[in-house]
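Q: Input structure: input.cif, which contains mmCIF, C-alpha atoms and all ligand atoms.
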data_entry
#
loop_
_atom_site.label_atom_id
_atom_site.label_comp_id
_atom_site.auth_asym_id
_atom_site.auth_seq_id
_atom_site.Cartn_x
_atom_site.Cartn_y
_atom_site.Cartn_z
CA MET A 103 109.64 75.78 117.05
CA SER A 104 112.34 76.99 114.69
CA VAL A 105 112.05 80.17 112.68
CA LYS A 106 111.53 78.01 109.60
CA GLN A 107 108.75 76.01 111.22
CA ASN A 108 106.98 79.18 112.35
CA TYR A 109 107.33 80.49 108.83
CA GLU A 110 105.75 77.41 107.31
CA VAL A 111 102.75 77.76 109.59
CA ALA A 112 102.42 81.53 109.10
CA LYS A 113 102.74 81.15 105.36
CA GLN A 114 99.52 79.14 105.23
CA PHE A 115 97.53 82.07 106.61
CA TYR A 116 98.58 84.22 103.67
CA GLU A 117 98.46 81.47 101.06
CA LYS A 118 94.82 80.96 101.88
CA TRP A 119 94.32 84.36 100.20
CA GLY A 120 96.43 83.46 97.22
CA VAL A 121 99.50 85.38 98.36
CA ASP A 122 102.82 84.04 97.05
CA VAL A 123 104.84 84.42 100.23
CA ASP A 124 108.17 83.11 98.93
CA GLY A 125 107.74 85.38 95.91
CA ALA A 126 107.12 88.31 98.24
CA LEU A 127 110.44 87.71 99.98
CA GLU A 128 112.21 87.44 96.62
CA GLN A 129 110.73 90.77 95.61
CA LEU A 130 111.54 92.44 98.91
CA LYS A 131 115.19 91.42 98.61
CA LYS A 132 115.51 93.62 95.54
CA VAL A 133 114.19 96.81 97.10
CA PRO A 134 116.95 99.12 98.32
CA ILE A 135 116.38 101.67 101.07
CA SER A 136 118.64 104.68 100.99
CA ILE A 137 120.08 104.96 104.48
CA HIS A 138 121.01 108.51 105.43
CA CYS A 139 124.55 108.81 106.77
CA TRP A 140 123.62 111.82 108.93
CA GLN A 141 121.85 109.82 111.65
CA GLY A 142 125.33 108.61 112.62
CA ASP A 143 126.82 111.95 113.64
CA ASP A 144 123.89 114.33 114.15
CA ILE A 145 124.37 115.96 110.71
CA GLY A 146 127.87 117.05 111.69
CA GLY A 147 129.88 116.17 108.60
CA PHE A 148 133.64 116.45 108.23
CA GLU A 149 134.28 119.99 107.10
CA VAL A 150 137.58 121.33 108.38
CA GLU A 151 135.95 124.42 109.83
CA GLU A 152 133.63 123.56 112.71
CA ARG A 153 130.11 124.69 111.91
CA GLU A 154 126.90 124.78 113.88
CA LEU A 155 123.92 122.94 112.45
CA SER A 156 121.55 125.46 110.87
CA GLY A 157 118.81 125.59 108.25
CA GLY A 158 115.95 125.34 110.71
CA ILE A 159 116.48 121.68 111.54
CA ASP A 160 117.63 120.37 114.91
CA VAL A 161 119.04 117.25 116.55
CA THR A 162 118.55 116.83 120.27
CA GLY A 163 120.33 114.49 122.69
CA ASN A 164 123.93 113.64 123.48
CA TYR A 165 124.10 109.89 123.50
CA PRO A 166 127.73 108.82 123.78
CA GLY A 167 129.74 107.35 120.94
CA LYS A 168 128.93 109.70 118.09
CA ALA A 169 131.05 109.07 115.00
CA GLU A 170 133.72 111.77 114.75
CA THR A 171 135.59 110.63 111.66
CA PRO A 172 134.65 109.16 108.28
CA GLU A 173 136.17 105.84 109.34
CA GLN A 174 134.01 105.73 112.45
CA LEU A 175 130.89 106.69 110.54
CA ARG A 176 131.51 103.95 108.00
CA GLU A 177 132.25 101.47 110.76
CA ASP A 178 128.91 102.33 112.40
CA LEU A 179 127.07 102.08 109.11
CA GLU A 180 128.59 98.67 108.53
CA LYS A 181 127.35 97.57 111.92
CA ALA A 182 123.82 98.79 111.21
CA LEU A 183 123.84 97.25 107.72
CA SER A 184 124.80 93.90 109.24
CA LEU A 185 121.56 94.00 111.25
CA ILE A 186 119.20 95.01 108.44
CA PRO A 187 117.95 92.40 105.96
CA GLY A 188 118.48 93.13 102.25
CA LYS A 189 120.92 95.15 100.12
CA HIS A 190 120.66 98.87 100.59
CA ARG A 191 122.14 102.25 99.66
CA VAL A 192 123.84 105.01 101.61
CA ASN A 193 122.82 108.62 101.31
CA LEU A 194 125.56 111.24 101.74
CA HIS A 195 125.52 115.00 102.20
CA ALA A 196 128.15 117.30 100.73
CA ILE A 197 129.51 118.06 104.22
CA TYR A 198 130.70 114.45 104.41
CA ALA A 199 133.49 115.17 101.92
CA GLU A 200 137.00 114.16 102.89
CA THR A 201 139.47 116.89 102.03
CA ASN A 202 142.59 115.76 103.85
CA GLY A 203 142.63 118.65 106.27
CA GLU A 204 142.42 121.17 103.45
CA ILE A 205 139.68 123.80 103.52
CA VAL A 206 137.56 123.26 100.43
CA ASP A 207 134.45 125.41 100.22
CA ARG A 208 131.18 123.92 99.05
CA ASP A 209 131.42 125.41 95.58
CA GLU A 210 134.77 123.74 95.03
CA LEU A 211 133.86 120.21 95.98
CA LYS A 212 134.92 117.56 93.51
CA PRO A 213 134.37 113.84 93.03
CA GLU A 214 137.86 113.20 94.39
CA HIS A 215 136.69 114.36 97.82
CA PHE A 216 134.42 111.34 97.92
CA GLU A 217 136.86 108.71 96.73
CA ASN A 218 136.95 106.96 100.07
CA TRP A 219 133.18 106.71 100.17
CA VAL A 220 133.13 105.26 96.68
CA ALA A 221 135.83 102.71 97.49
CA TRP A 222 133.90 101.72 100.59
CA ALA A 223 130.62 101.49 98.69
CA LYS A 224 132.28 99.25 96.10
CA LYS A 225 133.66 96.99 98.76
CA HIS A 226 130.24 96.56 100.37
CA GLU A 227 128.27 96.59 97.10
CA LEU A 228 126.25 99.62 98.11
CA GLY A 229 124.75 102.28 95.90
CA LEU A 230 125.27 105.91 96.93
CA ASP A 231 122.90 108.86 96.88
CA PHE A 232 123.81 112.48 97.38
CA ASN A 233 122.62 115.84 98.75
CA PRO A 234 124.15 119.26 98.33
CA THR A 235 124.34 120.95 101.74
CA PHE A 236 122.64 124.35 101.68
CA PHE A 237 122.82 124.89 105.46
CA SER A 238 125.40 125.05 108.26
CA HIS A 239 127.42 127.63 106.33
CA PRO A 240 128.11 131.39 106.74
CA LEU A 241 126.49 132.11 103.37
CA SER A 242 123.19 130.55 104.44
CA GLU A 243 123.02 132.36 107.74
CA GLU A 244 120.37 134.79 106.58
CA GLY A 245 118.08 131.90 105.86
CA LEU A 246 118.34 132.26 102.08
CA THR A 247 120.56 130.52 99.53
CA LEU A 248 119.35 130.00 95.96
CA ALA A 249 116.63 132.60 96.52
CA HIS A 250 118.91 135.20 98.13
CA PRO A 251 118.53 138.71 96.68
CA ASN A 252 122.31 139.02 96.54
CA GLU A 253 123.55 137.62 93.26
CA GLU A 254 126.97 136.65 94.59
CA ILE A 255 125.47 134.56 97.31
CA ARG A 256 123.08 132.98 94.87
CA ASN A 257 125.92 132.22 92.50
CA PHE A 258 127.95 130.58 95.25
CA TRP A 259 125.08 128.21 95.93
CA ILE A 260 124.44 127.63 92.23
CA ARG A 261 128.07 126.53 91.91
CA HIS A 262 127.54 124.22 94.87
CA GLY A 263 124.51 122.71 93.16
CA ILE A 264 126.42 122.15 89.95
CA ALA A 265 129.35 120.59 91.81
CA SER A 266 126.94 118.29 93.66
CA ARG A 267 125.39 116.92 90.49
CA GLU A 268 128.84 116.11 89.21
CA ILE A 269 129.57 114.19 92.36
CA GLY A 270 126.27 112.34 91.94
CA GLU A 271 127.18 111.48 88.36
CA TYR A 272 130.57 110.21 89.50
CA PHE A 273 128.93 107.94 92.09
CA GLY A 274 126.58 106.57 89.46
CA ARG A 275 129.35 105.87 86.98
CA GLU A 276 131.60 104.23 89.52
CA LEU A 277 128.95 102.13 91.18
CA GLY A 278 126.81 101.22 88.20
CA THR A 279 123.56 102.36 89.82
CA SER A 280 121.99 105.74 89.32
CA THR A 281 122.46 108.23 92.14
CA LEU A 282 119.62 110.35 93.44
CA THR A 283 120.91 113.86 94.06
CA ASN A 284 118.34 115.60 96.19
CA PHE A 285 118.00 119.36 96.51
CA TRP A 286 116.60 120.73 99.73
CA MET A 287 117.12 124.40 100.46
CA PRO A 288 116.10 126.03 103.76
CA ASP A 289 115.12 129.32 102.11
CA GLY A 290 112.28 131.10 103.82
CA TYR A 291 111.17 133.87 106.15
CA LYS A 292 110.39 133.92 109.84
CA ASP A 293 107.60 136.41 109.37
CA ILE A 294 104.93 137.19 106.84
CA PRO A 295 106.50 138.17 103.54
CA SER A 296 105.54 141.26 101.61
CA ASP A 297 106.43 139.45 98.39
CA ARG A 298 106.26 135.73 97.85
CA LEU A 299 106.71 135.71 94.12
CA THR A 300 110.15 137.31 93.73
CA PRO A 301 111.99 134.81 95.96
CA ARG A 302 110.24 132.00 94.08
CA ILE A 303 111.31 133.42 90.75
CA ARG A 304 114.88 133.55 92.01
CA LEU A 305 114.76 129.99 93.28
CA LYS A 306 113.37 128.81 89.97
CA GLU A 307 116.05 130.62 87.97
CA SER A 308 118.82 129.33 90.21
CA LEU A 309 117.56 125.78 89.81
CA ASP A 310 117.39 126.18 86.04
CA LYS A 311 121.08 127.12 86.04
CA ILE A 312 122.02 124.19 88.25
CA PHE A 313 120.16 121.75 86.02
CA GLU A 314 121.39 123.21 82.74
CA LYS A 315 123.83 120.40 82.10
CA GLU A 316 122.18 117.20 80.92
CA ILE A 317 123.33 114.18 82.87
CA ASP A 318 122.54 110.65 81.80
CA ALA A 319 119.83 109.26 84.09
CA LYS A 320 121.83 106.06 84.17
CA TYR A 321 124.26 107.89 86.43
CA ASN A 322 122.37 110.66 88.16
CA VAL A 323 118.79 111.69 88.68
CA ASP A 324 117.86 114.90 90.52
CA ALA A 325 115.11 115.41 93.05
CA VAL A 326 113.68 118.52 94.69
CA GLU A 327 112.33 118.48 98.25
CA SER A 328 109.71 120.87 99.55
CA LYS A 329 108.94 121.92 103.07
CA LEU A 330 106.10 123.61 104.94
CA PHE A 331 108.08 125.48 107.59
CA GLY A 332 111.27 125.27 109.61
CA ILE A 333 112.74 126.93 112.68
CA GLY A 334 113.19 130.51 111.55
CA SER A 335 111.07 130.03 108.44
CA GLU A 336 107.74 129.63 110.16
CA ALA A 337 105.81 132.05 108.00
CA PHE A 338 107.08 131.20 104.55
CA VAL A 339 109.19 128.63 102.75
CA VAL A 340 110.16 129.50 99.19
CA GLY A 341 110.26 125.88 98.03
CA SER A 342 106.75 124.82 99.00
CA HIS A 343 105.08 121.63 97.82
CA GLU A 344 103.27 123.26 94.92
CA PHE A 345 106.43 125.06 93.89
CA TYR A 346 108.42 121.86 93.60
CA LEU A 347 105.64 119.67 92.30
CA GLY A 348 105.27 122.12 89.44
CA TYR A 349 109.01 122.42 88.97
CA ALA A 350 109.54 118.67 88.97
CA LEU A 351 106.78 117.91 86.48
CA LYS A 352 107.75 120.63 84.11
CA ASN A 353 111.48 119.97 84.21
CA ASN A 354 111.46 116.23 84.44
CA LYS A 355 112.87 116.09 87.97
CA LEU A 356 111.81 113.83 90.78
CA CYS A 357 109.61 115.35 93.42
CA LEU A 358 110.79 114.17 96.82
CA LEU A 359 108.19 113.88 99.56
CA ASP A 360 109.44 114.11 103.14
CA THR A 361 106.82 112.66 105.47
CA GLY A 362 107.57 115.41 107.99
CA HIS A 363 107.03 118.31 105.62
CA TYR A 364 103.26 118.66 105.43
CA HIS A 365 100.36 119.84 107.53
CA PRO A 366 99.80 117.63 110.59
CA THR A 367 96.80 115.81 109.12
CA GLU A 368 98.10 115.72 105.56
CA VAL A 369 99.80 112.42 104.71
CA VAL A 370 102.36 111.47 102.10
CA SER A 371 100.79 108.04 101.55
CA ASN A 372 97.83 109.79 99.94
CA LYS A 373 100.03 111.70 97.51
CA ILE A 374 101.86 108.76 95.94
CA SER A 375 99.11 107.47 93.64
CA ALA A 376 98.14 110.97 92.62
CA MET A 377 101.67 111.95 91.67
CA LEU A 378 102.53 108.72 89.90
CA LEU A 379 99.79 109.49 87.39
CA TYR A 380 101.89 112.37 86.15
CA SER A 381 105.43 111.36 86.98
CA ASP A 382 107.29 108.13 86.23
CA GLU A 383 109.22 108.24 89.45
CA LEU A 384 109.24 109.99 92.79
CA ALA A 385 111.38 109.95 95.91
CA LEU A 386 110.71 109.79 99.63
CA HIS A 387 112.32 110.93 102.84
CA VAL A 388 110.61 108.76 105.37
CA SER A 389 110.66 110.45 108.73
CA ARG A 390 108.37 110.78 111.78
CA PRO A 391 107.13 114.19 112.75
CA VAL A 392 106.05 114.57 116.37
CA ARG A 393 104.17 117.87 116.69
CA TRP A 394 106.57 119.44 114.18
CA ASP A 395 109.15 118.28 111.63
CA SER A 396 111.04 116.67 114.50
CA ASP A 397 112.65 113.85 112.51
CA HIS A 398 112.04 111.12 115.08
CA VAL A 399 113.14 107.58 114.23
CA ILE A 400 110.39 105.96 112.19
CA THR A 401 108.17 103.45 113.95
CA LEU A 402 105.90 100.89 112.32
CA ASP A 403 102.90 103.16 112.71
CA ASP A 404 99.81 103.45 110.56
CA GLU A 405 101.28 106.00 108.17
CA LEU A 406 104.47 104.02 107.61
CA LYS A 407 102.35 100.96 106.83
CA GLU A 408 100.16 103.01 104.50
CA VAL A 409 103.23 104.30 102.64
CA GLY A 410 104.35 100.70 102.12
CA LEU A 411 100.85 99.70 100.99
CA GLU A 412 100.58 102.52 98.48
CA ILE A 413 103.96 101.65 96.96
CA VAL A 414 103.21 97.94 96.72
CA ARG A 415 99.55 97.94 95.74
CA ASN A 416 100.23 100.41 92.94
CA ASN A 417 103.14 98.33 91.62
CA ALA A 418 105.49 101.19 92.31
CA LEU A 419 108.41 99.42 93.98
CA ASP A 420 110.64 100.44 91.08
CA LYS A 421 109.16 103.92 90.77
CA VAL A 422 109.61 105.21 94.29
CA ARG A 423 113.13 105.84 95.53
CA ILE A 424 112.78 105.24 99.23
CA GLY A 425 115.14 107.20 101.45
CA LEU A 426 115.11 107.81 105.18
CA ASP A 427 115.48 111.09 107.02
CA PHE A 428 115.48 111.01 110.79
CA PHE A 429 118.04 111.96 113.38
CA ASP A 430 117.94 111.24 117.06
CA ALA A 431 120.93 111.79 119.32
CA SER A 432 119.14 110.73 122.49
CA ILE A 433 119.46 107.00 121.72
CA ASN A 434 122.21 104.78 120.38
CA ARG A 435 122.67 105.97 116.80
CA VAL A 436 123.40 102.54 115.34
CA ALA A 437 120.20 101.33 116.99
CA ALA A 438 118.35 104.30 115.48
CA TRP A 439 119.41 103.27 111.96
CA THR A 440 118.60 99.64 112.67
CA ILE A 441 115.16 100.29 114.15
CA GLY A 442 114.16 102.77 111.47
CA THR A 443 115.41 100.83 108.47
CA ARG A 444 114.05 97.52 109.71
CA ASN A 445 110.70 99.26 110.11
CA MET A 446 110.78 100.57 106.57
CA VAL A 447 111.50 97.07 105.27
CA LYS A 448 108.77 95.67 107.53
CA SER A 449 106.22 98.07 106.10
CA LEU A 450 107.03 96.84 102.58
CA LEU A 451 106.88 93.21 103.65
CA ASN A 452 103.54 93.78 105.34
CA ALA A 453 102.22 95.25 102.11
CA LEU A 454 103.65 92.44 99.98
CA LEU A 455 101.71 89.89 102.03
CA LEU A 456 98.23 91.24 101.36
CA PRO A 457 95.81 90.09 98.65
CA HIS A 458 95.50 93.42 96.90
CA ASP A 459 93.55 92.21 93.90
CA HIS A 460 90.89 90.80 96.15
CA LEU A 461 90.71 93.92 98.31
CA LYS A 462 90.50 96.17 95.25
CA LYS A 463 87.71 94.08 93.85
CA LEU A 464 85.72 94.37 97.05
CA GLN A 465 85.97 98.13 96.83
CA ASP A 466 84.80 98.17 93.23
CA GLU A 467 81.87 96.00 94.13
CA GLY A 468 80.97 98.41 96.88
CA ASN A 469 81.49 95.72 99.46
CA PHE A 470 82.88 97.97 102.16
CA THR A 471 81.96 95.62 104.95
CA ASP A 472 84.24 92.88 103.70
CA ARG A 473 86.91 95.42 102.80
CA LEU A 474 87.02 96.78 106.35
CA ALA A 475 86.62 93.38 108.00
CA LEU A 476 89.50 91.81 106.07
CA MET A 477 91.82 94.78 106.31
CA GLU A 478 91.35 94.65 110.08
CA GLU A 479 91.82 90.88 110.34
CA PHE A 480 95.04 91.00 108.32
CA LYS A 481 96.49 93.29 110.96
CA THR A 482 96.77 90.38 113.36
CA TYR A 483 97.99 87.77 110.89
CA PRO A 484 101.31 86.13 111.91
CA PHE A 485 103.42 88.70 110.11
CA GLY A 486 106.22 88.48 112.70
CA PHE A 487 107.04 84.89 111.78
CA ILE A 488 107.43 85.79 108.11
CA TRP A 489 109.60 88.74 109.07
CA ASP A 490 111.81 86.56 111.29
CA TYR A 491 112.25 84.10 108.46
CA TYR A 492 113.18 86.88 106.06
CA CYS A 493 115.80 88.06 108.55
CA GLU A 494 117.12 84.54 108.98
CA ILE A 495 117.52 83.85 105.26
CA SER A 496 119.10 87.30 104.87
CA GLY A 497 121.70 86.38 107.49
CA VAL A 498 120.72 89.03 110.03
CA PRO A 499 119.39 88.64 113.58
CA THR A 500 115.72 87.75 114.05
CA GLY A 501 113.35 89.49 116.46
CA GLU A 502 115.09 91.63 119.04
CA ASP A 503 118.36 89.68 118.88
CA TRP A 504 120.05 92.55 117.05
CA LEU A 505 119.84 94.67 120.19
CA GLU A 506 122.42 92.54 122.01
CA GLU A 507 124.79 93.10 119.12
CA VAL A 508 124.33 96.84 119.27
CA LYS A 509 124.90 96.81 123.03
CA GLN A 510 128.07 94.82 122.57
CA TYR A 511 129.18 97.23 119.85
CA GLU A 512 128.45 100.14 122.16
CA LYS A 513 130.68 98.58 124.81
CA ASP A 514 133.47 97.54 122.48
CA VAL A 515 133.52 100.48 120.10
CA LEU A 516 131.25 103.46 120.79
CA CYS A 517 132.07 103.91 124.48
CA LYS A 518 135.78 103.93 123.72
CA ARG A 519 135.37 107.06 121.59
CA ASN A 520 135.86 110.50 123.03
CA GLY A 521 132.43 111.79 122.01
C1 LIG A 601 115.11 119.22 106.13
C2 LIG A 601 115.04 118.20 105.07
C3 LIG A 601 116.34 117.65 104.57
C4 LIG A 601 117.32 117.36 105.69
C5 LIG A 601 118.53 116.55 105.26
C6 LIG A 601 119.61 116.58 106.30
O1 LIG A 601 113.91 119.50 106.71
O2 LIG A 601 114.21 117.16 105.47
O3 LIG A 601 116.13 116.54 103.78
O4 LIG A 601 116.71 116.70 106.76
O5 LIG A 601 118.95 116.95 104.05
ZN ZN A 602 114.12 115.41 104.19
#
Could you take the file, read its structure, and then write that structure out as structure tokens?

A:
Amino acid sequence: MSVKQNYEVAKQFYEKWGVDVDGALEQLKKVPISIHCWQGDDIGGFEVEERELSGGIDVTGNYPGKAETPEQLREDLEKALSLIPGKHRVNLHAIYAETNGEIVDRDELKPEHFENWVAWAKKHELGLDFNPTFFSHPLSEEGLTLAHPNEEIRNFWIRHGIASREIGEYFGRELGTSTLTNFWMPDGYKDIPSDRLTPRIRLKESLDKIFEKEIDAKYNVDAVESKLFGIGSEAFVVGSHEFYLGYALKNNKLCLLDTGHYHPTEVVSNKISAMLLYSDELALHVSRPVRWDSDHVITLDDELKEVGLEIVRNNALDKVRIGLDFFDASINRVAAWTIGTRNMVKSLLNALLLPHDHLKKLQDEGNFTDRLALMEEFKTYPFGFIWDYYCEISGVPTGEDWLEEVKQYEKDVLCKRNG
């Protein structure tokens, strides 16, 4: 049976429930996932001065073939993109600037340091997103940046924030699609603070300065990302969820939810509908925490499916900016991107294939038996055949065929690198 034939059969299962399967694929095609460049080189970046990863995050593993140059990173991204159905975006961090061997500190970064990325994005018709880098730097070593008691240090990071928004705006202008510039700061304390308010006031004031300049949302939109704890900030993080939720709502910023940044039984899927009542848009960093904010490659687990369901059943595909945030150096990095991004797309497809109106109605009627019975039965519907067909019409490998390509790429390209 061909992929197409399987599709035709599988389609009937869903059409029985009134689902427009071809329409679902059309819709899915238009949803971009923002693929984080930092999976490709373990959040190394290309700063001239070698710097250790800091900020309370960690990448473990030493799989061979890590990208060492911007050209290699782009080459690897191209490979991964060729294995993922749909048109997507690439998410950069400030440390991925290209400065031609010149030392340019974070507060002096300019759009011109990202010209190569923009040219590449144009060539491949990709949108770009951006993140200032508030870690892996001598001035963040004390675990504080925008909330630091020292004004000079704070000002350095404020300048970095301002520079970053300008880079985001430049991306948006050049590429004709608005950039999401996401602010995550590691600021926090290892042990119980004697004062939680003052650091929060400082963070708030620093952010106000960074966001002073109005930028057209056509070009750049800002997001703020909270966290519960990090390595070295176990007792207190200045930018907690409530801090940023409040900040975002009051200042018309996007609140970015990282699926690894909450209590172990607290889930991001449950926050989406609540927040969309008060905010037109929000952003995600889809990650997989294993016992802590470990940033494992995302699998098609229950929570990933639930995130997809909440976005689709609440008609929020154009309200949620979906980005990924995982980093694993113990497996092939191109495979990591491919597995994770394909899973994100799969979770959306799964959601697009369900008869939400019917299921909502059952709930309103109090018919919980049918609701549970159907939701369980749909789990074993022939989803895989629809997915394969989507891959085929998108011109990317179906099923596990992509793995051979990654293995070949590992042999031909990755293993020939020094890394
Ligand atoms: C850290 C945050 C943040 C980073 C990236 C590299 O816990 O999740 O988003 O992972 O900016
Ligand atoms: Zn994140």

Q: Considering all atoms listed in the file, return as a ChimeraX atom specification whatever protein or nucleic-acid residues lie within 12 Å of region 359-364 of chain A, sequence-local ones (same chain, fewer than 6 positions apart) excluded.

A: /A:159,284-286,325-332,339,341-344,346-347,350,370-374,377,383-400,405-406,408-409,422-428

Q: Could you work out how far atom O4 of ligand LIG 601 (chain A) lies from CA of Asn164 (chain A), giving the answer in Å with one decimal?

A: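 Spanning CA of Asn164 (chain A) to atom O4 of ligand LIG 601 (chain A) is a straight-line distance of 18.5 Å.
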
Q: Compute the distance from (117.3, 111.8, 90.4) to each atom, counting all atoms listed in the file, keep the residues with any atom at most 6 Å away, and return them as a count of residues only; use the coordinates of the file.

A: 7

Q: Write out as JSON, numbers by chain each polymer residue whose atoms come within 7 Å of region 211-228 of chain A, counting only C-alpha atoms; drop sequence neighbours fewer than 4 positions from it.

A: {"A": [190, 191, 192, 199, 200, 201, 206, 207, 265, 269, 272, 273, 277]}

Q: Between A:Ser432, A:Ser335, A:Asn445, A:Asn354, which is the closest to Val161 (chain A) once you count only C-alpha atoms?

A: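 Nearest candidate to Val161 (chain A) out of A:Ser432, A:Ser335, A:Asn445, A:Asn354: A:Ser432.
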
Q: Just how far from CA of Glu512 (chain A) is CA of Ala438 (chain A), in Å to one decimal?

A: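 Those two atoms sit 12.8 Å apart.
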
Q: Grab the CA of Phe115 (chain A) to CA of Pro457 (chain A) distance for me, in Å with one decimal place.

A: 11.4 Å

Q: So that I can check the surroundings of Cys493 (chain A), please list as a ChimeraX atom specification every protein, DNA and RNA residue that reaches within 8 Å of it, counting only C-alpha atoms and ignoring chain neighbours fewer than 5 positions away.

A: /A:186-187,498-500

Q: Around the point (131.5, 121.2, 110.4) in the file's coordinates, collect all residues with an atom within 12 Å, using only C-alpha atoms, and return them as an NGL selection string.

A: :A and (143-156 or 170-171 or 195-200 or 205-208 or 235 or 237-240)

Q: Determine, counting all atoms listed in the file, which protein, DNA and RNA residues have an atom within 9 Å of an atom of region 259-263 of chain A; residues of the same chain fewer than 5 positions away are not included. Present the result as a list in words.

A: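 Final neighbour list, sorted by chain and number: Asp207, Arg208, Asp209, Glu210, Leu211, Pro234, Thr235, Phe236, Leu241, Thr247, Leu248, Glu254, Glu268, Phe285, Ser308, Leu309, Lys311, Ile312 and Phe313 of chain A.
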
Q: Counting only C-alpha atoms and all ligand atoms, which residue out of A:Pro288, A:Tyr492, A:Asp297, A:Leu505 sits closest to ligand ZN 602 (chain A)?

A: A:Pro288

Q: Counting only C-alpha atoms and all ligand atoms, which residue out of A:Leu175, A:Val105, A:Ala418, A:Met287 sits closest to ligand LIG 601 (chain A)?

A: A:Met287

Q: Go through A:His138, A:Lys355, A:Arg302, A:Lys407 one by one, measure the shortest atom-to-atom distance of each to ligand LIG 601 (chain A) using all atoms listed in the file, and give the residue with the smallest value.

A: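 Under the stated criterion, the closest residue is A:His138.
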
Q: Could you check which of A:Ser104, A:Gln129, A:Asn193, A:Gln465 is closest to ligand ZN 602 (chain A), using only C-alpha atoms and all ligand atoms?

A: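 Using only C-alpha atoms and all ligand atoms, ligand ZN 602 (chain A) sits closest to A:Asn193.
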